[in-house]
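Asks: Input structure: structure23.pdb, which contains PDB, C-alpha atoms, pLDDT in the B column.
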MODEL        1
ATOM      1  CA  SER A   1      79.422  64.510  60.850  1.00 52.00           C
ATOM      2  CA  SER A   2      77.396  62.033  58.788  1.00 51.00           C
ATOM      3  CA  SER A   3      78.541  59.190  61.037  1.00 53.00           C
ATOM      4  CA  SER A   4      77.771  61.314  64.123  1.00 53.00           C
ATOM      5  CA  SER A   5      74.306  62.100  62.746  1.00 52.00           C
ATOM      6  CA  SER A   6      73.714  58.435  61.970  1.00 51.00           C
ATOM      7  CA  SER A   7      74.815  57.460  65.474  1.00 55.00           C
ATOM      8  CA  SER A   8      72.541  60.074  67.028  1.00 53.00           C
ATOM      9  CA  SER A   9      69.607  58.892  64.902  1.00 52.00           C
ATOM     10  CA  TRP A  10      70.261  55.290  65.875  1.00 51.00           C
ATOM     11  CA  SER A  11      70.373  56.219  69.575  1.00 62.00           C
ATOM     12  CA  TRP A  12      67.103  58.152  69.323  1.00 54.00           C
ATOM     13  CA  SER A  13      65.383  55.329  67.491  1.00 62.00           C
ATOM     14  CA  THR A  14      66.710  52.718  69.921  1.00 72.00           C
ATOM     15  CA  ALA A  15      65.510  54.725  72.936  1.00 75.00           C
ATOM     16  CA  ILE A  16      62.043  55.156  71.414  1.00 76.00           C
ATOM     17  CA  GLU A  17      61.881  51.521  70.402  1.00 76.00           C
ATOM     18  CA  ASP A  18      62.810  50.420  73.921  1.00 84.00           C
ATOM     19  CA  LYS A  19      60.113  52.720  75.304  1.00 88.00           C
ATOM     20  CA  TYR A  20      57.473  50.956  73.223  1.00 91.00           C
ATOM     21  CA  ALA A  21      58.933  47.450  73.313  1.00 90.00           C
ATOM     22  CA  SER A  22      55.789  46.031  74.904  1.00 91.00           C
ATOM     23  CA  ALA A  23      53.898  46.818  71.683  1.00 91.00           C
ATOM     24  CA  GLU A  24      56.085  44.461  69.665  1.00 88.00           C
ATOM     25  CA  ASP A  25      53.787  41.436  69.977  1.00 90.00           C
ATOM     26  CA  ALA A  26      50.561  43.374  70.547  1.00 94.00           C
ATOM     27  CA  HIS A  27      47.454  42.873  68.466  1.00 93.00           C
ATOM     28  CA  LEU A  28      46.117  46.275  69.480  1.00 95.00           C
ATOM     29  CA  VAL A  29      48.237  49.408  70.084  1.00 95.00           C
ATOM     30  CA  ILE A  30      46.579  52.513  71.510  1.00 96.00           C
ATOM     31  CA  PHE A  31      47.857  55.949  72.529  1.00 97.00           C
ATOM     32  CA  TYR A  32      45.538  57.476  75.102  1.00 97.00           C
ATOM     33  CA  ASN A  33      45.372  61.060  76.319  1.00 96.00           C
ATOM     34  CA  LEU A  34      43.892  60.954  79.819  1.00 96.00           C
ATOM     35  CA  TYR A  35      42.756  63.926  81.867  1.00 94.00           C
ATOM     36  CA  ILE A  36      41.730  63.641  85.529  1.00 94.00           C
ATOM     37  CA  PRO A  37      40.649  66.891  87.209  1.00 90.00           C
ATOM     38  CA  PRO A  38      41.708  68.035  90.669  1.00 85.00           C
ATOM     39  CA  ASN A  39      39.511  67.187  93.616  1.00 75.00           C
ATOM     40  CA  ILE A  40      37.131  70.135  93.690  1.00 60.00           C
ATOM     41  CA  THR A  41      34.185  70.388  96.042  1.00 54.00           C
ATOM     42  CA  ALA A  42      31.776  73.164  96.898  1.00 49.00           C
ATOM     43  CA  ASP A  43      33.933  73.844  99.980  1.00 53.00           C
ATOM     44  CA  THR A  44      37.267  74.094  98.131  1.00 55.00           C
ATOM     45  CA  VAL A  45      36.275  75.603  94.769  1.00 49.00           C
ATOM     46  CA  THR A  46      37.997  78.871  93.815  1.00 55.00           C
ATOM     47  CA  PRO A  47      36.561  81.603  91.566  1.00 56.00           C
ATOM     48  CA  ASP A  48      38.398  80.264  88.479  1.00 55.00           C
ATOM     49  CA  GLN A  49      37.218  76.677  88.998  1.00 49.00           C
ATOM     50  CA  ASP A  50      33.987  74.792  88.485  1.00 50.00           C
ATOM     51  CA  VAL A  51      32.681  72.028  90.733  1.00 47.00           C
ATOM     52  CA  VAL A  52      31.130  70.295  87.704  1.00 49.00           C
ATOM     53  CA  ASN A  53      34.501  70.224  85.901  1.00 50.00           C
ATOM     54  CA  GLY A  54      36.261  68.863  88.970  1.00 56.00           C
ATOM     55  CA  ASP A  55      34.340  65.628  89.185  1.00 84.00           C
ATOM     56  CA  VAL A  56      37.005  62.982  89.789  1.00 89.00           C
ATOM     57  CA  ASP A  57      34.454  60.180  90.035  1.00 89.00           C
ATOM     58  CA  ASN A  58      33.186  61.106  86.586  1.00 90.00           C
ATOM     59  CA  ALA A  59      36.718  60.937  85.137  1.00 92.00           C
ATOM     60  CA  ILE A  60      37.246  57.487  86.649  1.00 93.00           C
ATOM     61  CA  ARG A  61      33.961  56.332  85.125  1.00 93.00           C
ATOM     62  CA  VAL A  62      35.186  57.576  81.746  1.00 93.00           C
ATOM     63  CA  ILE A  63      38.431  55.594  82.077  1.00 96.00           C
ATOM     64  CA  LYS A  64      36.608  52.428  83.086  1.00 96.00           C
ATOM     65  CA  ASP A  65      34.148  52.850  80.237  1.00 95.00           C
ATOM     66  CA  GLN A  66      36.849  53.276  77.573  1.00 97.00           C
ATOM     67  CA  MET A  67      39.028  50.483  78.936  1.00 97.00           C
ATOM     68  CA  GLY A  68      35.921  48.304  78.881  1.00 97.00           C
ATOM     69  CA  GLN A  69      35.402  49.140  75.200  1.00 97.00           C
ATOM     70  CA  ILE A  70      39.037  48.273  74.490  1.00 97.00           C
ATOM     71  CA  SER A  71      38.849  44.945  76.335  1.00 97.00           C
ATOM     72  CA  SER A  72      35.705  44.109  74.344  1.00 96.00           C
ATOM     73  CA  VAL A  73      37.696  44.562  71.147  1.00 96.00           C
ATOM     74  CA  LEU A  74      40.304  42.046  72.335  1.00 96.00           C
ATOM     75  CA  LEU A  75      37.527  39.573  73.155  1.00 95.00           C
ATOM     76  CA  ARG A  76      36.044  40.153  69.718  1.00 94.00           C
ATOM     77  CA  MET A  77      39.430  39.472  68.122  1.00 93.00           C
ATOM     78  CA  GLU A  78      39.674  36.236  70.072  1.00 92.00           C
ATOM     79  CA  GLY A  79      36.238  35.236  68.841  1.00 89.00           C
ATOM     80  CA  GLU A  80      37.265  36.001  65.274  1.00 82.00           C
ATOM     81  CA  GLY A  81      40.368  33.857  65.790  1.00 68.00           C
ATOM     82  CA  ARG A  82      38.171  30.885  66.612  1.00 64.00           C
ATOM     83  CA  GLY A  83      36.273  31.532  63.415  1.00 59.00           C
ATOM     84  CA  GLY A  84      39.391  31.611  61.295  1.00 47.00           C
ATOM     85  CA  ARG A  85      39.943  35.370  60.919  1.00 45.00           C
ATOM     86  CA  GLY A  86      42.051  36.276  63.931  1.00 42.00           C
ATOM     87  CA  GLY A  87      42.851  39.736  62.592  1.00 45.00           C
ATOM     88  CA  ARG A  88      45.425  41.862  64.398  1.00 48.00           C
ATOM     89  CA  ALA A  89      46.488  45.468  64.316  1.00 52.00           C
ATOM     90  CA  ASP A  90      49.762  44.660  62.548  1.00 49.00           C
ATOM     91  CA  GLY A  91      48.200  42.666  59.746  1.00 46.00           C
ATOM     92  CA  GLY A  92      49.175  39.179  60.957  1.00 48.00           C
ATOM     93  CA  ASN A  93      46.689  36.540  62.021  1.00 44.00           C
ATOM     94  CA  GLY A  94      48.259  36.201  65.463  1.00 45.00           C
ATOM     95  CA  GLY A  95      46.546  32.956  66.310  1.00 44.00           C
ATOM     96  CA  ASN A  96      45.605  29.450  65.395  1.00 45.00           C
ATOM     97  CA  GLY A  97      43.004  30.514  62.853  1.00 45.00           C
ATOM     98  CA  GLY A  98      40.151  28.171  62.218  1.00 45.00           C
ATOM     99  CA  ASN A  99      41.398  25.100  64.051  1.00 49.00           C
ATOM    100  CA  GLY A 100      38.995  25.735  66.913  1.00 47.00           C
ATOM    101  CA  GLU A 101      41.654  26.826  69.418  1.00 51.00           C
ATOM    102  CA  THR A 102      41.478  30.111  71.286  1.00 54.00           C
ATOM    103  CA  THR A 103      44.478  32.429  71.334  1.00 82.00           C
ATOM    104  CA  GLU A 104      44.486  35.375  73.715  1.00 86.00           C
ATOM    105  CA  LYS A 105      45.052  38.714  72.032  1.00 94.00           C
ATOM    106  CA  LYS A 106      47.327  41.312  73.564  1.00 96.00           C
ATOM    107  CA  GLY A 107      46.531  44.999  73.766  1.00 97.00           C
ATOM    108  CA  VAL A 108      48.764  47.833  74.948  1.00 97.00           C
ATOM    109  CA  VAL A 109      47.536  51.271  75.962  1.00 98.00           C
ATOM    110  CA  PHE A 110      50.301  53.883  76.228  1.00 97.00           C
ATOM    111  CA  TYR A 111      48.875  56.864  78.082  1.00 98.00           C
ATOM    112  CA  ASN A 112      49.812  60.275  79.396  1.00 97.00           C
ATOM    113  CA  LEU A 113      48.024  61.286  82.580  1.00 97.00           C
ATOM    114  CA  ILE A 114      47.268  64.994  82.768  1.00 96.00           C
ATOM    115  CA  GLY A 115      46.177  66.654  85.995  1.00 94.00           C
ATOM    116  CA  ASN A 116      45.384  64.642  89.109  1.00 93.00           C
ATOM    117  CA  ASP A 117      47.631  61.562  89.422  1.00 93.00           C
ATOM    118  CA  ALA A 118      46.552  60.733  92.988  1.00 92.00           C
ATOM    119  CA  ALA A 119      42.849  60.042  92.453  1.00 91.00           C
ATOM    120  CA  PHE A 120      43.408  57.031  90.198  1.00 93.00           C
ATOM    121  CA  PRO A 121      47.153  56.227  90.280  1.00 94.00           C
ATOM    122  CA  PRO A 122      48.873  54.222  87.532  1.00 95.00           C
ATOM    123  CA  ARG A 123      49.007  51.017  89.583  1.00 96.00           C
ATOM    124  CA  GLU A 124      45.208  51.076  89.906  1.00 96.00           C
ATOM    125  CA  ILE A 125      44.754  51.826  86.206  1.00 97.00           C
ATOM    126  CA  SER A 126      47.057  48.914  85.387  1.00 97.00           C
ATOM    127  CA  ALA A 127      45.096  46.638  87.725  1.00 98.00           C
ATOM    128  CA  LEU A 128      41.819  47.714  86.112  1.00 98.00           C
ATOM    129  CA  CYS A 129      43.128  46.867  82.652  1.00 98.00           C
ATOM    130  CA  ARG A 130      44.345  43.429  83.764  1.00 97.00           C
ATOM    131  CA  GLU A 131      41.027  42.783  85.456  1.00 97.00           C
ATOM    132  CA  LEU A 132      39.145  43.597  82.259  1.00 97.00           C
ATOM    133  CA  HIS A 133      41.443  41.403  80.147  1.00 97.00           C
ATOM    134  CA  PRO A 134      44.520  39.442  81.306  1.00 96.00           C
ATOM    135  CA  ARG A 135      46.578  40.658  78.336  1.00 96.00           C
ATOM    136  CA  LEU A 136      45.526  44.304  78.348  1.00 97.00           C
ATOM    137  CA  GLU A 137      48.518  46.365  79.474  1.00 97.00           C
ATOM    138  CA  CYS A 138      48.076  50.030  80.405  1.00 98.00           C
ATOM    139  CA  ARG A 139      51.447  51.775  80.562  1.00 97.00           C
ATOM    140  CA  LEU A 140      51.969  55.309  81.830  1.00 97.00           C
ATOM    141  CA  MET A 141      54.330  57.294  79.597  1.00 97.00           C
ATOM    142  CA  ARG A 142      54.388  60.496  81.643  1.00 97.00           C
ATOM    143  CA  HIS A 143      52.400  62.578  84.112  1.00 97.00           C
ATOM    144  CA  TYR A 144      51.802  66.254  83.322  1.00 97.00           C
ATOM    145  CA  GLU A 145      50.360  68.802  85.706  1.00 94.00           C
ATOM    146  CA  ASP A 146      49.020  70.724  82.742  1.00 93.00           C
ATOM    147  CA  ALA A 147      49.154  69.807  79.051  1.00 95.00           C
ATOM    148  CA  GLY A 148      47.047  69.306  75.974  1.00 93.00           C
ATOM    149  CA  GLU A 149      46.540  66.454  73.557  1.00 94.00           C
ATOM    150  CA  GLN A 150      49.657  67.418  71.604  1.00 96.00           C
ATOM    151  CA  VAL A 151      51.940  65.643  74.104  1.00 97.00           C
ATOM    152  CA  THR A 152      50.307  62.282  73.405  1.00 97.00           C
ATOM    153  CA  LEU A 153      50.062  62.931  69.668  1.00 95.00           C
ATOM    154  CA  GLN A 154      53.816  63.637  69.706  1.00 95.00           C
ATOM    155  CA  ASP A 155      54.452  60.300  71.416  1.00 95.00           C
ATOM    156  CA  LEU A 156      52.341  58.564  68.788  1.00 94.00           C
ATOM    157  CA  HIS A 157      54.289  60.412  66.087  1.00 91.00           C
ATOM    158  CA  ASP A 158      57.600  59.260  67.594  1.00 91.00           C
ATOM    159  CA  TYR A 159      56.339  55.685  67.707  1.00 91.00           C
ATOM    160  CA  CYS A 160      55.421  55.814  64.022  1.00 87.00           C
ATOM    161  CA  ARG A 161      58.791  57.305  63.092  1.00 83.00           C
ATOM    162  CA  ILE A 162      60.926  54.483  64.463  1.00 77.00           C
ATOM    163  CA  ASP A 163      63.198  53.600  61.550  1.00 52.00           C
ATOM    164  CA  HIS A 164      63.434  49.851  62.030  1.00 45.00           C
ATOM    165  CA  ASN A 165      65.012  49.104  58.662  1.00 41.00           C
ATOM    166  CA  ASN A 166      67.864  51.617  58.621  1.00 41.00           C
ATOM    167  CA  ASN A 167      68.799  52.155  62.253  1.00 42.00           C
ATOM    168  CA  LYS A 168      68.749  48.681  63.685  1.00 45.00           C
ATOM    169  CA  PRO A 169      69.403  45.275  62.156  1.00 39.00           C
ATOM    170  CA  SER A 170      66.274  43.199  62.484  1.00 44.00           C
ATOM    171  CA  ASP A 171      64.420  40.218  61.128  1.00 46.00           C
ATOM    172  CA  THR A 172      62.787  40.897  57.745  1.00 47.00           C
ATOM    173  CA  ASN A 173      59.434  39.481  58.809  1.00 49.00           C
ATOM    174  CA  THR A 174      59.465  41.679  61.922  1.00 48.00           C
ATOM    175  CA  ASN A 175      60.155  44.758  59.770  1.00 48.00           C
ATOM    176  CA  ARG A 176      57.322  43.854  57.423  1.00 47.00           C
ATOM    177  CA  ARG A 177      54.953  43.428  60.366  1.00 47.00           C
ATOM    178  CA  ARG A 178      55.948  46.772  61.853  1.00 51.00           C
ATOM    179  CA  GLN A 179      55.459  48.566  58.545  1.00 52.00           C
ATOM    180  CA  ARG A 180      51.782  47.649  58.416  1.00 61.00           C
ATOM    181  CA  ARG A 181      51.005  48.009  62.118  1.00 73.00           C
ATOM    182  CA  ARG A 182      47.838  49.882  62.948  1.00 85.00           C
ATOM    183  CA  VAL A 183      47.872  52.392  65.779  1.00 92.00           C
ATOM    184  CA  THR A 184      44.888  54.038  67.477  1.00 94.00           C
ATOM    185  CA  TYR A 185      44.620  57.393  69.232  1.00 95.00           C
ATOM    186  CA  LEU A 186      41.945  58.020  71.870  1.00 96.00           C
ATOM    187  CA  HIS A 187      41.284  60.676  74.478  1.00 94.00           C
ATOM    188  CA  SER A 188      39.070  60.785  77.543  1.00 93.00           C
ATOM    189  CA  LYS A 189      36.374  63.058  76.154  1.00 90.00           C
ATOM    190  CA  GLY A 190      33.914  63.921  78.908  1.00 83.00           C
ATOM    191  CA  SER A 191      36.416  63.726  81.759  1.00 84.00           C
ATOM    192  CA  TYR A 192      36.785  67.536  81.687  1.00 75.00           C
ATOM    193  CA  HIS A 193      33.246  68.550  80.762  1.00 73.00           C
ATOM    194  CA  SER A 194      30.851  65.957  82.125  1.00 77.00           C
ATOM    195  CA  GLN A 195      27.947  66.371  79.764  1.00 79.00           C
ATOM    196  CA  LYS A 196      25.624  63.708  78.413  1.00 85.00           C
ATOM    197  CA  GLU A 197      26.442  64.670  74.826  1.00 87.00           C
ATOM    198  CA  ASN A 198      30.186  64.280  75.457  1.00 87.00           C
ATOM    199  CA  HIS A 199      29.783  60.809  76.936  1.00 91.00           C
ATOM    200  CA  ILE A 200      27.598  59.651  74.034  1.00 91.00           C
ATOM    201  CA  TRP A 201      30.013  61.138  71.502  1.00 90.00           C
ATOM    202  CA  ARG A 202      33.027  59.566  73.222  1.00 92.00           C
ATOM    203  CA  ARG A 203      31.515  56.094  73.130  1.00 94.00           C
ATOM    204  CA  ILE A 204      30.580  56.463  69.460  1.00 94.00           C
ATOM    205  CA  MET A 205      34.041  57.730  68.476  1.00 93.00           C
ATOM    206  CA  THR A 206      35.832  55.069  70.540  1.00 95.00           C
ATOM    207  CA  ASP A 207      33.742  52.348  68.910  1.00 94.00           C
ATOM    208  CA  ALA A 208      34.432  53.842  65.480  1.00 93.00           C
ATOM    209  CA  ALA A 209      38.201  54.050  66.017  1.00 94.00           C
ATOM    210  CA  LEU A 210      38.261  50.427  67.218  1.00 94.00           C
ATOM    211  CA  HIS A 211      35.896  49.082  64.568  1.00 93.00           C
ATOM    212  CA  PRO A 212      37.231  46.166  62.460  1.00 91.00           C
ATOM    213  CA  SER A 213      36.995  48.380  59.358  1.00 88.00           C
ATOM    214  CA  CYS A 214      39.443  50.777  61.024  1.00 88.00           C
ATOM    215  CA  LEU A 215      41.738  48.189  62.582  1.00 88.00           C
ATOM    216  CA  ASP A 216      41.963  46.049  59.456  1.00 82.00           C
ATOM    217  CA  PRO A 217      40.812  48.150  56.487  1.00 77.00           C
ATOM    218  CA  PRO A 218      41.499  47.764  52.770  1.00 72.00           C
ATOM    219  CA  PRO A 219      44.503  49.852  51.613  1.00 66.00           C
ATOM    220  CA  SER A 220      43.373  53.459  51.469  1.00 57.00           C
ATOM    221  CA  PRO A 221      44.155  56.783  53.183  1.00 53.00           C
ATOM    222  CA  ALA A 222      42.673  57.012  56.675  1.00 51.00           C
ATOM    223  CA  PRO A 223      39.797  59.537  56.762  1.00 47.00           C
ATOM    224  CA  TYR A 224      39.888  62.412  59.225  1.00 44.00           C
ATOM    225  CA  ASN A 225      37.024  61.965  61.655  1.00 50.00           C
ATOM    226  CA  GLY A 226      36.982  65.496  63.029  1.00 49.00           C
ATOM    227  CA  ASN A 227      37.279  64.609  66.717  1.00 54.00           C
ATOM    228  CA  ASN A 228      40.914  63.583  67.211  1.00 58.00           C
ATOM    229  CA  ASN A 229      40.109  59.905  67.730  1.00 58.00           C
ATOM    230  CA  GLY A 230      41.215  57.522  65.062  1.00 54.00           C
ATOM    231  CA  THR A 231      43.240  54.614  63.788  1.00 53.00           C
ATOM    232  CA  SER A 232      45.949  54.787  61.189  1.00 53.00           C
ATOM    233  CA  SER A 233      48.939  52.812  59.980  1.00 50.00           C
ATOM    234  CA  SER A 234      52.509  53.483  61.032  1.00 46.00           C
ATOM    235  CA  SER A 235      55.289  52.881  58.572  1.00 37.00           C
ATOM    236  CA  SER A 236      58.980  52.517  59.282  1.00 30.00           C
ATOM    237  CA  SER A 237      59.738  54.396  56.070  1.00 25.00           C
ATOM    238  CA  SER A 238      57.587  57.425  56.828  1.00 27.00           C
ATOM    239  CA  SER A 239      58.674  60.545  58.659  1.00 28.00           C
ATOM    240  CA  SER A 240      55.215  61.453  59.887  1.00 29.00           C
ATOM    241  CA  CYS A 241      51.947  59.916  60.991  1.00 35.00           C
ATOM    242  CA  ASP A 242      48.652  60.113  59.184  1.00 37.00           C
ATOM    243  CA  VAL A 243      46.632  60.625  62.368  1.00 36.00           C
TER     244      VAL A 243
ENDMDL
END
As structure tokens, how would this structure be written, given the file I've shared?

Replies:
Amino acid sequence: SSSSSSSSSWSWSTAIEDKYASAEDAHLVIFYNLYIPPNITADTVTPDQDVVNGDVDNAIRVIKDQMGQISSVLLRMEGEGRGGRGGRADGGNGGNGGNGETTEKKGVVFYNLIGNDAAFPPREISALCRELHPRLECRLMRHYEDAGEQVTLQDLHDYCRIDHNNNKPSDTNTNRRRQRRRVTYLHSKGSYHSQKENHIWRRIMTDAALHPSCLDPPPSPAPYNGNNNGTSSSSSSSSSCDV
């Protein structure tokens, strides 16, 4: 019973940890909820659809814009590394500090793709990320025909719940690093309703969630920003996320 429960917990944690293994040495970890609408034109639109809300090109522009913001953060981190700061999302300096050498920073975007997976397939999204920064990895978790943000928030929650200390023997320094890892949640606001206000708001909220004060803040509870974009810490000893 207790041994069976422990074994089941270990298996769950191991499976989740394997799923997010690429985040282990990342300086920036992001969970991204991505919506791409179906291809809708004036010729194919049905009464329950809207041509404006079926703008695939707009959704692709949103993705490119947000990935560009993310790659800029990695470049900023690299610049800080040259200046001696070299901050990273898990609290380590991740680089050579102030010795004048440049260390590339790694970012991982775990995303769920909701809706149209043919217009901008995962291989093209991955190529875009690599083009923007050689160490920016964009990894599809799952494609959903129809879903809301809760599926990606659940994945983020599972990532934060990995019990590294109790379920799997590991290096003490690695456990300490994982306990203070920062994790960011973003969504593709404006890919469903293409409105000027949504695009402005998305850029502001993405910048805010990726701001140095969010990625490497003083110890304090993470504020709720009211728009489901944010950065918080994950702890191996916690059973829930603060996002």

Asks: Which residues are near A:Gln195? Cut-off 12 Å, only C-alpha atoms, ignore same chain within fewer than 4 positions. Put them as a ChimeraX atom specification.

Replies: /A:52-53,55,58-59,62,189-191,199-202

Asks: With distances taken over all atoms listed in the file, which of A:Asn116, A:Ser188, A:Gln154, A:Ser213 is nearest to A:Asn39?

Replies: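 Closest to A:Asn39, using all atoms listed in the file: A:Asn116.
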
Asks: Name the residues in contact with stretch 141-151 of chain A at a cut-off of 9 Å, using only C-alpha atoms, excluding same-chain residues fewer than 5 positions from it; report them as an MDAnalysis selection string.

Replies: chainID A and resid 19 33:34 110:117 156 187 228

Asks: Using C-alpha atoms, can you export the residues from the last selection as a PDB file, in the frame of the given file?

Replies:
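Output (result.pdb):
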ATOM      1  CA  LYS A  19      60.113  52.720  75.304  1.00 88.00           C
ATOM      2  CA  ASN A  33      45.372  61.060  76.319  1.00 96.00           C
ATOM      3  CA  LEU A  34      43.892  60.954  79.819  1.00 96.00           C
ATOM      4  CA  PHE A 110      50.301  53.883  76.228  1.00 97.00           C
ATOM      5  CA  TYR A 111      48.875  56.864  78.082  1.00 98.00           C
ATOM      6  CA  ASN A 112      49.812  60.275  79.396  1.00 97.00           C
ATOM      7  CA  LEU A 113      48.024  61.286  82.580  1.00 97.00           C
ATOM      8  CA  ILE A 114      47.268  64.994  82.768  1.00 96.00           C
ATOM      9  CA  GLY A 115      46.177  66.654  85.995  1.00 94.00           C
ATOM     10  CA  ASN A 116      45.384  64.642  89.109  1.00 93.00           C
ATOM     11  CA  ASP A 117      47.631  61.562  89.422  1.00 93.00           C
ATOM     12  CA  LEU A 156      52.341  58.564  68.788  1.00 94.00           C
ATOM     13  CA  HIS A 187      41.284  60.676  74.478  1.00 94.00           C
ATOM     14  CA  ASN A 228      40.914  63.583  67.211  1.00 58.00           C
TER      15      ASN A 228
END

Asks: Could you tell me how far atom CA of A:Arg135 sits from atom CA of A:Thr14, in Å to one decimal place?

Replies: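 Separating atom CA of A:Thr14 from atom CA of A:Arg135 is a distance of 24.9 Å.
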
Asks: Could you tell me how far atom CA of A:Ile16 sits from atom CA of A:Thr206, in Å to one decimal place?

Replies: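 These two atoms are separated by 26.2 Å.
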